[in-house]
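These notes are about the structure you will find just below.
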Amino acid sequence: MEQFIYNDGGRYQAGYKGTTGDCVCRAICIATGKPYQEVYEVLANGNATQRKGKREGSKAGKKTAAQGINTKRDWFKKYMHSLGFNWTPTMLIGSGCKVHLKADELPKGIIICAVSKHWVTLIDGIINDTYDCSREGTRCVYGYYSK
């Protein structure tokens with residue numbers, strides 16, 4: 001990725017300090033302009049109400065959005081849809097990586113990309129995150145939410 005802008009999605013302004021696994025919350029805040037605390041509460045409540053599956057970590061069933069969110073759950077997909085976002089998969093099982101975290105391989109506008117163990121917002125091809133997660137344009141995009 002040619003460009004990167006540091007953006008914590010309002011996390012620091014909301015009174016949170018240090019680092020944690022809240023990339024989904026930050027990405028949604030950056031993409032929507034919603035306050036960090038508002039998005040955090042929605043995600044934490046969704047996380048608290050989901051049942052713990054066989055392969056779930058210790059985060060399932062706890063009211064927190066700081067240790068990650070299972071973005072494959074129906075409650076999460078409904079929330080993203082309520083915000084006006086639609087999912088576009090870019091990688092299927094066995095297909096290999098076809099789309100990388102590069103401006104010329106992704107659509108313009110505001111998109112939230114799912115990459116390995118991370119979520120990041122791109123605004124017109126520019127990464128908005130707490131670090132440049134592009135791996136110099138080699139990071140594979142599994143799919144993205146766009147309006």
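The chains in the structure tokens are called A, B, ... from first to last as shown; in each chain the residues are counted from 1, and the ligands are counted from 1 in the order shown.
Neighbours of Ile127 (chain A) closer than or equal to 7 Å, with only C-alpha atoms counted and sequence neighbours fewer than 5 positions away skipped, come out as Gln3, Phe4, Ile5, Thr121, Leu122 and Asp132 of chain A.
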Enumerate as a PyMOL selection string all residues of chain A assigned to alpha helix (DSSP H) by DSSP on the backbone, naming them with the chain letters and numbers the document uses. chain A and resi 23-32+36-49+74-82
All strand (DSSP E) residues (DSSP, backbone) inside chain A, as number ranges by chain: A: 4-6, 86-89, 110-115, 118-123, 126-129, 141-146
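Using only C-alpha atoms, the protein and nucleic acid residues lying no more than 12 Å from Asp74 (chain A), apart from those fewer than 3 places from it along its own chain, are Gly46, Asn47, Thr49, Gln50, Arg51, Ile69, Asn70, Thr71, Lys77, Lys78, Tyr79, Met80 and His81 of chain A.
Within 12 Å of Ala65 (chain A), once only C-alpha atoms are used and residues closer than 6 positions along the same chain are dropped, the contacting residues are A:Thr20, A:Gly21, A:Asp22, A:Cys23, A:Val24, A:Cys25, A:Arg26, A:Tyr36, A:Gln37, A:Glu38, A:Val39, A:Tyr40, A:Glu41, A:Val42, A:Leu43, A:Ala44, A:Asn45, A:Gly46, A:Asn47, A:Ala48, A:Lys59, A:Thr71, A:Phe76.
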For the residues in the current selection, export N, CA and C atoms as a CSV table (one decimal), in the first residue's frame.
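See result-v3.csv below for the written result:
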chain,number,residue,atom,x,y,z
A,20,THR,N,-4.8,-3.5,22.2
A,20,THR,CA,-5.7,-4.6,22.5
A,20,THR,C,-6.1,-5.1,21.1
A,21,GLY,N,-6.9,-6.2,21.1
A,21,GLY,CA,-7.4,-6.8,19.9
A,21,GLY,C,-8.8,-6.3,19.4
A,22,ASP,N,-8.9,-5.0,19.3
A,22,ASP,CA,-10.2,-4.4,19.0
A,22,ASP,C,-10.2,-3.8,17.5
A,23,CYS,N,-9.5,-4.5,16.6
A,23,CYS,CA,-9.4,-4.0,15.3
A,23,CYS,C,-10.8,-3.9,14.6
A,24,VAL,N,-11.7,-4.8,14.9
A,24,VAL,CA,-13.0,-4.8,14.2
A,24,VAL,C,-13.8,-3.5,14.7
A,25,CYS,N,-13.7,-3.2,15.9
A,25,CYS,CA,-14.4,-2.0,16.5
A,25,CYS,C,-13.8,-0.8,15.8
A,26,ARG,N,-12.4,-0.7,15.8
A,26,ARG,CA,-11.8,0.5,15.2
A,26,ARG,C,-12.1,0.6,13.8
A,36,TYR,N,-16.5,5.6,19.2
A,36,TYR,CA,-15.9,4.3,19.5
A,36,TYR,C,-16.7,3.6,20.6
A,37,GLN,N,-17.1,4.3,21.6
A,37,GLN,CA,-17.8,3.7,22.7
A,37,GLN,C,-19.2,3.0,22.3
A,38,GLU,N,-19.9,3.7,21.3
A,38,GLU,CA,-21.1,3.2,20.8
A,38,GLU,C,-20.9,1.9,20.1
A,39,VAL,N,-19.9,1.8,19.2
A,39,VAL,CA,-19.7,0.6,18.4
A,39,VAL,C,-19.2,-0.5,19.4
A,40,TYR,N,-18.3,-0.1,20.3
A,40,TYR,CA,-17.7,-1.1,21.3
A,40,TYR,C,-18.9,-1.8,22.0
A,41,GLU,N,-19.8,-1.0,22.5
A,41,GLU,CA,-21.0,-1.5,23.3
A,41,GLU,C,-21.8,-2.5,22.4
A,42,VAL,N,-22.1,-2.2,21.2
A,42,VAL,CA,-22.8,-3.1,20.3
A,42,VAL,C,-22.1,-4.4,20.1
A,43,LEU,N,-20.8,-4.3,19.8
A,43,LEU,CA,-20.0,-5.5,19.6
A,43,LEU,C,-19.8,-6.3,20.9
A,44,ALA,N,-19.6,-5.7,22.0
A,44,ALA,CA,-19.5,-6.4,23.3
A,44,ALA,C,-20.8,-7.1,23.7
A,45,ASN,N,-21.9,-6.4,23.5
A,45,ASN,CA,-23.2,-7.0,23.7
A,45,ASN,C,-23.5,-8.2,22.8
A,46,GLY,N,-23.1,-8.1,21.6
A,46,GLY,CA,-23.2,-9.2,20.6
A,46,GLY,C,-22.4,-10.4,21.0
A,47,ASN,N,-21.2,-10.1,21.4
A,47,ASN,CA,-20.2,-11.1,21.9
A,47,ASN,C,-20.7,-11.8,23.2
A,48,ALA,N,-21.4,-11.1,24.1
A,48,ALA,CA,-21.9,-11.6,25.3
A,48,ALA,C,-23.0,-12.6,25.1
A,59,LYS,N,-13.2,-15.8,24.5
A,59,LYS,CA,-13.9,-14.5,24.3
A,59,LYS,C,-15.4,-14.7,24.2
A,71,THR,N,-16.6,-12.6,13.5
A,71,THR,CA,-17.3,-11.8,12.4
A,71,THR,C,-18.1,-12.7,11.5
A,76,PHE,N,-23.4,-10.4,14.0
A,76,PHE,CA,-22.4,-9.4,13.4
A,76,PHE,C,-22.8,-9.0,12.0
List as a PDB file with C-alpha atoms, in the first residue's frame the protein and nucleic acid residues near region 7-19 of chain A, meaning an atom at most 6 Å away when only C-alpha atoms are counted, but skip any in the same chain fewer than 2 places from it.
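selection14.pdb, written as the output of this step:
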ATOM      1  CA  ARG A  26     -11.776   0.475  15.247  1.00  0.00           C
ATOM      2  CA  CYS A  29     -15.660   3.423  13.750  1.00  0.00           C
ATOM      3  CA  ILE A  30     -13.314   4.697  11.060  1.00  0.00           C
ATOM      4  CA  TYR A  36     -15.893   4.318  19.546  1.00  0.00           C
ATOM      5  CA  ASN A 128      -6.560   4.018   8.088  1.00  0.00           C
ATOM      6  CA  ASP A 129      -5.316   1.998  11.060  1.00  0.00           C
ATOM      7  CA  THR A 130      -2.877   2.069  13.959  1.00  0.00           C
TER       8      THR A 130
END
Check the smallest atom-to-atom distance from each of A:Tyr142, A:Lys147, A:Lys52, A:Gly68 to Ile93 (chain A) using only C-alpha atoms, then report the winner. A:Tyr142
State, in Å with one decimal place, the distance from CA of Ile110 (chain A) to CA of Met91 (chain A). 19.7 Å
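Proximity ranking of A:Ile126, A:Val141, A:Val120, A:Ala103 relative to Thr88 (chain A) places A:Val141 first, based on only C-alpha atoms.
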